[in-house]
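**Q** Pasting input20.cif here (mmCIF, C-alpha atoms and all ligand atoms):
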```cif
data_coords
loop_
_atom_site.group_PDB
_atom_site.id
_atom_site.type_symbol
_atom_site.label_atom_id
_atom_site.label_comp_id
_atom_site.auth_asym_id
_atom_site.auth_seq_id
_atom_site.Cartn_x
_atom_site.Cartn_y
_atom_site.Cartn_z
ATOM 1 C CA MET A 1 15.723 15.462 -37.184
ATOM 2 C CA THR A 2 18.376 15.910 -34.509
ATOM 3 C CA ALA A 3 17.893 14.490 -31.014
ATOM 4 C CA GLN A 4 16.660 17.110 -28.558
ATOM 5 C CA GLY A 5 17.437 16.868 -24.880
ATOM 6 C CA THR A 6 14.809 17.091 -22.151
ATOM 7 C CA PHE A 7 14.141 20.365 -20.366
ATOM 8 C CA ILE A 8 13.119 20.010 -16.705
ATOM 9 C CA THR A 9 12.405 22.881 -14.316
ATOM 10 C CA PHE A 10 11.961 23.090 -10.540
ATOM 11 C CA GLU A 11 9.465 25.550 -9.124
ATOM 12 C CA GLY A 12 8.090 26.422 -5.709
ATOM 13 C CA ILE A 13 8.145 29.101 -3.057
ATOM 14 C CA ASP A 14 11.366 30.324 -1.474
ATOM 15 C CA GLY A 15 12.923 27.726 0.802
ATOM 16 C CA SER A 16 10.865 24.815 -0.531
ATOM 17 C CA GLY A 17 14.014 22.838 -1.300
ATOM 18 C CA LYS A 18 14.289 23.325 -5.077
ATOM 19 C CA SER A 19 18.050 23.859 -5.164
ATOM 20 C CA THR A 20 18.668 20.930 -2.817
ATOM 21 C CA GLN A 21 16.443 18.629 -4.865
ATOM 22 C CA ALA A 22 17.826 19.815 -8.209
ATOM 23 C CA ARG A 23 21.366 18.971 -7.035
ATOM 24 C CA MET A 24 20.315 15.560 -5.680
ATOM 25 C CA LEU A 25 18.509 14.738 -8.922
ATOM 26 C CA VAL A 26 21.477 15.774 -11.058
ATOM 27 C CA ASP A 27 23.854 13.567 -9.037
ATOM 28 C CA ARG A 28 21.551 10.601 -9.455
ATOM 29 C CA LEU A 29 20.981 11.111 -13.195
ATOM 30 C CA ARG A 30 24.732 11.470 -13.752
ATOM 31 C CA ASP A 31 25.325 8.242 -11.812
ATOM 32 C CA GLU A 32 22.925 6.622 -14.265
ATOM 33 C CA GLY A 33 25.196 7.813 -17.076
ATOM 34 C CA ARG A 34 23.130 10.710 -18.395
ATOM 35 C CA GLU A 35 24.633 13.954 -19.637
ATOM 36 C CA VAL A 36 23.019 16.605 -17.455
ATOM 37 C CA LEU A 37 23.356 20.367 -17.225
ATOM 38 C CA LEU A 38 22.304 22.028 -13.949
ATOM 39 C CA THR A 39 21.433 25.689 -14.235
ATOM 40 C CA ARG A 40 19.310 28.320 -12.488
ATOM 41 C CA GLU A 41 17.310 31.507 -12.898
ATOM 42 C CA PRO A 42 17.682 34.382 -12.705
ATOM 43 C CA GLY A 43 21.138 33.657 -14.087
ATOM 44 C CA GLY A 44 22.693 30.653 -15.771
ATOM 45 C CA SER A 45 24.762 32.608 -18.316
ATOM 46 C CA PRO A 46 27.305 35.396 -17.711
ATOM 47 C CA GLY A 47 24.959 38.163 -18.866
ATOM 48 C CA ALA A 48 21.989 36.782 -16.973
ATOM 49 C CA GLU A 49 24.067 36.488 -13.789
ATOM 50 C CA GLU A 50 24.820 40.223 -14.154
ATOM 51 C CA ILE A 51 21.094 40.923 -14.397
ATOM 52 C CA ARG A 52 20.539 38.669 -11.345
ATOM 53 C CA ARG A 53 22.572 41.085 -9.270
ATOM 54 C CA LEU A 54 20.456 43.993 -10.541
ATOM 55 C CA VAL A 55 17.164 42.376 -9.539
ATOM 56 C CA LEU A 56 18.098 40.546 -6.340
ATOM 57 C CA GLU A 57 20.539 42.940 -4.678
ATOM 58 C CA GLY A 58 20.331 46.599 -3.693
ATOM 59 C CA ASP A 59 17.232 48.740 -3.271
ATOM 60 C CA PRO A 60 14.348 46.874 -4.961
ATOM 61 C CA ASP A 61 12.297 50.061 -5.283
ATOM 62 C CA ARG A 62 14.625 51.410 -7.936
ATOM 63 C CA TRP A 63 12.717 49.243 -10.459
ATOM 64 C CA SER A 64 9.067 49.624 -11.299
ATOM 65 C CA ALA A 65 7.101 46.381 -11.526
ATOM 66 C CA GLU A 66 7.181 46.627 -15.337
ATOM 67 C CA THR A 67 10.944 47.265 -15.491
ATOM 68 C CA GLU A 68 11.538 44.339 -13.174
ATOM 69 C CA LEU A 69 9.485 42.092 -15.472
ATOM 70 C CA LEU A 70 11.590 43.204 -18.435
ATOM 71 C CA LEU A 71 14.828 42.534 -16.540
ATOM 72 C CA PHE A 72 13.798 38.987 -15.558
ATOM 73 C CA THR A 73 12.717 38.369 -19.156
ATOM 74 C CA ALA A 74 15.982 39.775 -20.547
ATOM 75 C CA ALA A 75 17.926 37.476 -18.224
ATOM 76 C CA ARG A 76 15.847 34.506 -19.391
ATOM 77 C CA ARG A 77 16.352 35.325 -23.077
ATOM 78 C CA ASP A 78 20.143 35.415 -22.639
ATOM 79 C CA HIS A 79 20.114 32.207 -20.573
ATOM 80 C CA LEU A 80 17.966 30.466 -23.175
ATOM 81 C CA GLU A 81 20.144 31.542 -26.129
ATOM 82 C CA ARG A 82 23.506 30.872 -24.578
ATOM 83 C CA THR A 83 23.006 28.015 -22.136
ATOM 84 C CA ILE A 84 19.712 26.137 -22.400
ATOM 85 C CA GLU A 85 19.192 25.836 -26.161
ATOM 86 C CA PRO A 86 22.784 24.772 -26.970
ATOM 87 C CA ALA A 87 22.633 22.076 -24.273
ATOM 88 C CA LEU A 88 19.269 20.768 -25.500
ATOM 89 C CA ALA A 89 20.548 20.782 -29.082
ATOM 90 C CA ALA A 90 23.487 18.659 -27.884
ATOM 91 C CA GLY A 91 20.983 16.147 -26.503
ATOM 92 C CA LYS A 92 21.598 16.898 -22.824
ATOM 93 C CA THR A 93 19.067 16.815 -20.012
ATOM 94 C CA VAL A 94 18.770 20.372 -18.707
ATOM 95 C CA ILE A 95 17.680 20.854 -15.092
ATOM 96 C CA CYS A 96 16.809 24.450 -14.293
ATOM 97 C CA ASP A 97 16.143 25.830 -10.798
ATOM 98 C CA ARG A 98 13.200 28.182 -11.568
ATOM 99 C CA PHE A 99 12.048 29.347 -15.010
ATOM 100 C CA ALA A 100 9.094 31.198 -16.547
ATOM 101 C CA ASP A 101 6.520 29.923 -14.027
ATOM 102 C CA SER A 102 8.402 31.930 -11.377
ATOM 103 C CA THR A 103 7.871 35.094 -13.431
ATOM 104 C CA ARG A 104 4.192 34.202 -13.872
ATOM 105 C CA MET A 105 3.900 34.061 -10.075
ATOM 106 C CA TYR A 106 6.357 36.612 -8.647
ATOM 107 C CA GLN A 107 6.078 39.365 -11.258
ATOM 108 C CA GLY A 108 2.556 38.334 -12.246
ATOM 109 C CA LEU A 109 1.094 38.481 -8.746
ATOM 110 C CA SER A 110 3.310 40.524 -6.447
ATOM 111 C CA ARG A 111 3.096 44.194 -7.429
ATOM 112 C CA GLY A 112 -0.171 44.898 -9.170
ATOM 113 C CA ASP A 113 -1.680 42.531 -11.698
ATOM 114 C CA LEU A 114 0.856 41.964 -14.471
ATOM 115 C CA ARG A 115 -0.167 38.348 -15.093
ATOM 116 C CA ALA A 116 -1.448 38.954 -18.653
ATOM 117 C CA LYS A 117 1.606 41.042 -19.605
ATOM 118 C CA VAL A 118 3.907 38.290 -18.343
ATOM 119 C CA ASP A 119 2.311 35.821 -20.771
ATOM 120 C CA VAL A 120 2.420 38.233 -23.714
ATOM 121 C CA LEU A 121 6.102 38.939 -23.126
ATOM 122 C CA HIS A 122 6.857 35.251 -22.658
ATOM 123 C CA ASN A 123 5.199 34.336 -25.946
ATOM 124 C CA LEU A 124 7.005 37.141 -27.741
ATOM 125 C CA MET A 125 10.503 36.717 -26.332
ATOM 126 C CA ILE A 126 10.875 33.231 -24.814
ATOM 127 C CA GLY A 127 8.305 30.926 -26.379
ATOM 128 C CA ARG A 128 9.574 27.753 -24.773
ATOM 129 C CA GLU A 129 8.011 25.672 -22.016
ATOM 130 C CA PRO A 130 9.778 22.893 -20.123
ATOM 131 C CA ASN A 131 9.033 19.262 -20.969
ATOM 132 C CA LEU A 132 8.442 18.700 -17.256
ATOM 133 C CA THR A 133 8.075 20.990 -14.233
ATOM 134 C CA VAL A 134 8.595 19.639 -10.731
ATOM 135 C CA LEU A 135 6.616 21.765 -8.280
ATOM 136 C CA ILE A 136 7.882 21.333 -4.730
ATOM 137 C CA ASP A 137 4.846 22.272 -2.686
ATOM 138 C CA MET A 138 5.202 23.342 0.921
ATOM 139 C CA ASN A 139 3.587 25.599 3.472
ATOM 140 C CA PRO A 140 5.004 29.136 3.420
ATOM 141 C CA GLU A 141 5.837 29.239 7.133
ATOM 142 C CA THR A 142 8.236 26.298 6.813
ATOM 143 C CA GLY A 143 9.613 27.637 3.521
ATOM 144 C CA LEU A 144 10.276 31.108 4.905
ATOM 145 C CA THR A 145 11.941 29.751 8.039
ATOM 146 C CA ARG A 146 14.200 27.640 5.857
ATOM 147 C CA ALA A 147 14.914 30.470 3.395
ATOM 148 C CA LEU A 148 15.684 33.038 6.074
ATOM 149 C CA GLY A 149 17.947 30.479 7.772
ATOM 150 C CA ARG A 150 20.331 30.885 4.835
ATOM 151 C CA GLN A 151 22.615 33.857 5.229
ATOM 152 C CA GLY A 152 22.732 36.014 2.119
ATOM 153 C CA THR A 153 22.219 39.322 0.369
ATOM 154 C CA GLU A 154 19.533 38.090 -2.062
ATOM 155 C CA GLU A 155 16.455 38.579 0.056
ATOM 156 C CA ARG A 156 14.379 40.419 -2.441
ATOM 157 C CA PHE A 157 11.218 38.327 -2.341
ATOM 158 C CA GLU A 158 11.654 36.506 0.947
ATOM 159 C CA ASP A 159 11.327 39.982 2.476
ATOM 160 C CA PHE A 160 7.757 40.278 1.207
ATOM 161 C CA GLY A 161 6.669 37.913 3.979
ATOM 162 C CA PRO A 162 4.259 35.008 4.367
ATOM 163 C CA ASP A 163 1.217 36.585 2.730
ATOM 164 C CA LEU A 164 2.847 36.863 -0.684
ATOM 165 C CA GLN A 165 4.363 33.396 -0.280
ATOM 166 C CA ARG A 166 0.863 32.024 0.406
ATOM 167 C CA ARG A 167 -0.517 33.621 -2.764
ATOM 168 C CA ILE A 168 2.410 32.332 -4.769
ATOM 169 C CA ARG A 169 1.977 28.829 -3.398
ATOM 170 C CA ALA A 170 -1.700 28.858 -4.358
ATOM 171 C CA GLY A 171 -0.816 30.309 -7.765
ATOM 172 C CA PHE A 172 1.676 27.522 -8.480
ATOM 173 C CA LEU A 173 -0.922 24.896 -7.539
ATOM 174 C CA ASP A 174 -3.395 26.586 -9.923
ATOM 175 C CA LEU A 175 -0.797 26.445 -12.704
ATOM 176 C CA ALA A 176 -0.206 22.757 -11.990
ATOM 177 C CA ARG A 177 -3.939 22.100 -12.304
ATOM 178 C CA ALA A 178 -4.096 24.101 -15.529
ATOM 179 C CA TYR A 179 -1.161 22.211 -17.114
ATOM 180 C CA PRO A 180 -1.322 18.684 -15.682
ATOM 181 C CA ASP A 181 0.710 17.157 -18.532
ATOM 182 C CA ARG A 182 3.722 19.311 -17.748
ATOM 183 C CA PHE A 183 3.532 19.572 -13.927
ATOM 184 C CA ARG A 184 4.308 17.020 -11.214
ATOM 185 C CA VAL A 185 3.483 18.215 -7.682
ATOM 186 C CA ILE A 186 5.748 16.809 -4.953
ATOM 187 C CA VAL A 187 5.125 17.224 -1.199
ATOM 188 C CA GLY A 188 8.162 19.150 0.064
ATOM 189 C CA GLY A 189 7.678 19.106 3.841
ATOM 190 C CA ARG A 190 9.510 15.809 4.401
ATOM 191 C CA ASP A 191 13.099 14.653 4.764
ATOM 192 C CA ARG A 192 15.328 15.279 1.754
ATOM 193 C CA GLU A 193 15.643 11.621 0.753
ATOM 194 C CA SER A 194 11.884 10.965 0.625
ATOM 195 C CA VAL A 195 11.343 14.063 -1.513
ATOM 196 C CA ALA A 196 14.274 13.078 -3.767
ATOM 197 C CA GLU A 197 12.829 9.609 -4.285
ATOM 198 C CA ASP A 198 9.528 11.035 -5.546
ATOM 199 C CA VAL A 199 11.300 13.609 -7.710
ATOM 200 C CA HIS A 200 13.434 10.892 -9.293
ATOM 201 C CA ARG A 201 10.406 8.722 -10.007
ATOM 202 C CA ALA A 202 8.517 11.611 -11.613
ATOM 203 C CA VAL A 203 11.463 12.681 -13.747
ATOM 204 C CA SER A 204 12.480 9.159 -14.807
ATOM 205 C CA SER A 205 9.095 8.532 -16.310
ATOM 206 C CA ALA A 206 9.530 11.649 -18.464
ATOM 207 C CA LEU A 207 13.046 10.886 -19.734
ATOM 208 C CA PRO A 208 13.633 8.938 -22.936
HETATM 209 P P1 LIG B 301 15.043 26.703 -2.428
HETATM 210 O O1 LIG B 301 16.067 26.507 -3.501
HETATM 211 O O2 LIG B 301 13.699 26.188 -2.804
HETATM 212 O O3 LIG B 301 14.976 28.085 -1.889
HETATM 213 P P2 LIG B 301 16.919 25.215 -0.750
HETATM 214 O O4 LIG B 301 17.177 23.918 -1.426
HETATM 215 O O5 LIG B 301 17.951 26.278 -0.855
HETATM 216 O O6 LIG B 301 15.479 25.784 -1.202
HETATM 217 O O7 LIG B 301 16.604 24.896 0.778
HETATM 218 C C1 LIG B 301 16.387 25.936 1.724
HETATM 219 C C2 LIG B 301 17.027 25.531 3.050
HETATM 220 O O8 LIG B 301 16.359 24.401 3.599
HETATM 221 C C3 LIG B 301 18.498 25.142 2.919
HETATM 222 O O9 LIG B 301 19.191 25.594 4.068
HETATM 223 C C4 LIG B 301 18.463 23.623 2.857
HETATM 224 O O10 LIG B 301 19.638 23.035 3.345
HETATM 225 C C5 LIG B 301 17.251 23.287 3.722
HETATM 226 N N1 LIG B 301 16.512 22.097 3.252
HETATM 227 C C6 LIG B 301 16.339 21.670 1.982
HETATM 228 N N2 LIG B 301 15.580 20.558 1.936
HETATM 229 C C7 LIG B 301 15.238 20.262 3.206
HETATM 230 C C8 LIG B 301 14.437 19.209 3.836
HETATM 231 N N3 LIG B 301 13.834 18.259 3.109
HETATM 232 N N4 LIG B 301 14.312 19.251 5.173
HETATM 233 C C9 LIG B 301 14.905 20.229 5.921
HETATM 234 N N5 LIG B 301 15.666 21.234 5.399
HETATM 235 C C10 LIG B 301 15.829 21.260 4.072
HETATM 236 P P1 LIG B 302 16.163 31.760 -6.023
HETATM 237 O O1 LIG B 302 17.615 31.962 -5.964
HETATM 238 O O2 LIG B 302 15.663 30.516 -6.671
HETATM 239 O O3 LIG B 302 15.567 31.894 -4.556
HETATM 240 P P2 LIG B 302 15.122 30.805 -3.494
HETATM 241 O O4 LIG B 302 16.286 29.859 -3.338
HETATM 242 O O5 LIG B 302 14.853 31.638 -2.291
HETATM 243 O O6 LIG B 302 13.908 30.108 -3.986
HETATM 244 O O7 LIG B 302 15.442 32.988 -6.716
HETATM 245 C C1 LIG B 302 15.660 34.261 -6.206
HETATM 246 C C2 LIG B 302 14.380 35.043 -6.139
HETATM 247 O O8 LIG B 302 14.026 35.498 -7.448
HETATM 248 C C3 LIG B 302 13.199 34.301 -5.579
HETATM 249 O O9 LIG B 302 12.711 35.033 -4.452
HETATM 250 C C4 LIG B 302 12.183 34.321 -6.700
HETATM 251 C C5 LIG B 302 12.634 35.448 -7.578
HETATM 252 N N1 LIG B 302 12.310 35.293 -9.018
HETATM 253 C C6 LIG B 302 11.375 36.145 -9.580
HETATM 254 O O10 LIG B 302 10.830 37.020 -8.913
HETATM 255 N N2 LIG B 302 11.088 36.028 -10.904
HETATM 256 C C7 LIG B 302 11.673 35.104 -11.699
HETATM 257 O O11 LIG B 302 11.376 35.024 -12.910
HETATM 258 C C8 LIG B 302 12.642 34.220 -11.109
HETATM 259 C C9 LIG B 302 13.325 33.180 -11.952
HETATM 260 C C10 LIG B 302 12.926 34.349 -9.751
#
```
Could you express the structure from this file as structure tokens?
Ligand code: ADP
Ligand code: TYD
**A**
Amino acid sequence: MTAQGTFITFEGIDGSGKSTQARMLVDRLRDEGREVLLTREPGGSPGAEEIRRLVLEGDPDRWSAETELLLFTAARRDHLERTIEPALAAGKTVICDRFADSTRMYQGLSRGDLRAKVDVLHNLMIGREPNLTVLIDMNPETGLTRALGRQGTEERFEDFGPDLQRRIRAGFLDLARAYPDRFRVIVGGRDRESVAEDVHRAVSSALP
């Protein structure tokens, strides 16, 4: 049997600090001498980055909820084939900023109830779960203020406002309770270094 790398994902509402924490974790793991790949969704491969522009920029109403689900899943399939699986096969630690749990929440809960369809499509087309998922939990008001503080054109879901963010936060916490072996919940509303310390501790215990 060949050595398989470890697949770690970051999840949480917009502005919870996932990207910041993923970068800090990667720096620290590399300092420890590990081979680490940092990637993100939607995106992470050339084709998936093209799809990212389709779903996060321009008029969101040009996609139905179902089409949007298919686009996020298509992006993930390409990312998995071309970026994630080759890196894991090479024994690397893969850190991914968002993955399938984001689809379970955003597409599953935001426009009608597609939650069951999300799981069917995931099982059919993706079929891989992370070894560990770091959920950065934080209250939506703080998250939205932070997210809207960033200037950018990708405001697709931030624009939905605090009510959706609250439902998504609660949904992530439900997922964490349903899959306690895979999830580690970290309190995000603190200074970067304190959060990073807890993230590092949680991840270290999961690495070989
Ligand atoms: P996400 O990837 O979850 O959307 P980011 O890492 O992009 O979150 O962080 C959102 C914003 O909040 C950024 O401007 C970032 O610099 C800032 N930020 C991240 N972590 C913290 C923290 N612990 N305290 C205060 N601001 C933070
Ligand atoms: P991201 O760049 O991680 O945004 P943020 O830094 O604000 O957390 O993701 C962009 C948006 O895409 C985010 O609002 C969540 C959404 N998204 C989905 O709706 N479904 C998905 O499957 C993924 C991966 C992201």
**Q** Give one line per residue of chain A that approaches ligand LIG 301 (chain B) to at most 6 Å, naming the two atoms of the closest pair and their distance in Å to one decimal, counting only C-alpha atoms and all ligand atoms; sort by chain then ascending residue number and deliver it as a tab-separated table.
**A**
```
residue	atom	partner	partner_atom	distance
A:Asp14	CA	B:LIG301	O3	4.3
A:Gly15	CA	B:LIG301	O3	3.4
A:Ser16	CA	B:LIG301	O2	3.9
A:Gly17	CA	B:LIG301	O6	3.3
A:Lys18	CA	B:LIG301	O2	3.7
A:Ser19	CA	B:LIG301	O1	3.7
A:Thr20	CA	B:LIG301	O4	3.6
A:Arg146	CA	B:LIG301	O8	4.5
A:Ala147	CA	B:LIG301	C1	5.1
A:Arg150	CA	B:LIG301	O9	5.5
A:Arg190	CA	B:LIG301	N3	5.1
A:Asp191	CA	B:LIG301	N3	4.0
A:Arg192	CA	B:LIG301	N3	3.6
```
**Q** For ligand LIG 302 (chain B), I'd like the enclosing box, axis-aligned and padded by 5 Å on every side, reported as AutoDock Vina command-line options with centre and edge lengths in Å to one decimal.
**A**
```
--center_x 14.2 --center_y 33.4 --center_z -7.6 --size_x 16.8 --size_y 17.2 --size_z 20.6
```
**Q** Would you kindly identify which residues have an atom no farther than 7 Å from (4.2, 38.0, 0.7), using only C-alpha atoms and the file's own coordinates, and write them out as a PyMOL selection string?
**A** chain A and resi 160-166
**Q** Taking only C-alpha atoms and all ligand atoms into account, report as an MDAnalysis selection string which residues have an atom no farther than 8 Å from an atom of ligand LIG 302 (chain B).
**A** chainID A and resid 12:19 40:42 55:56 69 72:73 76 97:107 147 154:158
**Q** Using all atoms listed in the file, can you tell me which of A:Asn139, A:Thr39, A:Thr145, A:Asn131 comes closest to A:Ile168?
**A**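 Closest candidate: A:Asn139.
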**Q** List the neighbours of stretch 5-8 of chain A out to 9 Å using all atoms listed in the file; skip same-chain residues closer than 3 positions along the sequence, and give me the result as number ranges by chain.
**A** A: 84, 87-97, 129-134, 203, 206-208
**Q** Distance atom CA of A:Val118-atom CA of A:Glu68, one decimal place?
**A** 11.0 Å
**Q** Can you list, as a VMD selection string, the residues that the PyMOL selection byres (((chain A and resi 117) around 10) and not hetatm) selects here?
**A** chain A and resid 66 69 104 107 to 108 113 to 116 118 to 123
**Q** Using atom CA of A:Leu175 and atom CA of A:Glu197 as the two end points, give the distance in Å to one decimal.
**A**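 According to the coordinates, atom CA of A:Leu175 and atom CA of A:Glu197 are separated by 23.2 Å.
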**Q** Go through A:Gly143, A:Leu70, A:Leu148, A:Ile136 one by one, measure the shortest atom-to-atom distance of each to A:Ala202 using all atoms listed in the file, and give the residue with the smallest value.
**A**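 Smallest separation from A:Ala202 among the options: A:Ile136.
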**Q** Give me, please, the distance in Å between atom CA of A:Gly171 and atom CA of A:Arg128, quoted to one decimal.
**A**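 Answer for the atom CA of A:Gly171 to atom CA of A:Arg128 separation: 20.1 Å.
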**Q** So which one's closest to A:Ala176, A:Asp59, A:Val26, A:Glu49, A:Asp137? Using only C-alpha atoms, please.
**A**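 Using only C-alpha atoms, A:Ala176 sits closest to A:Asp137.
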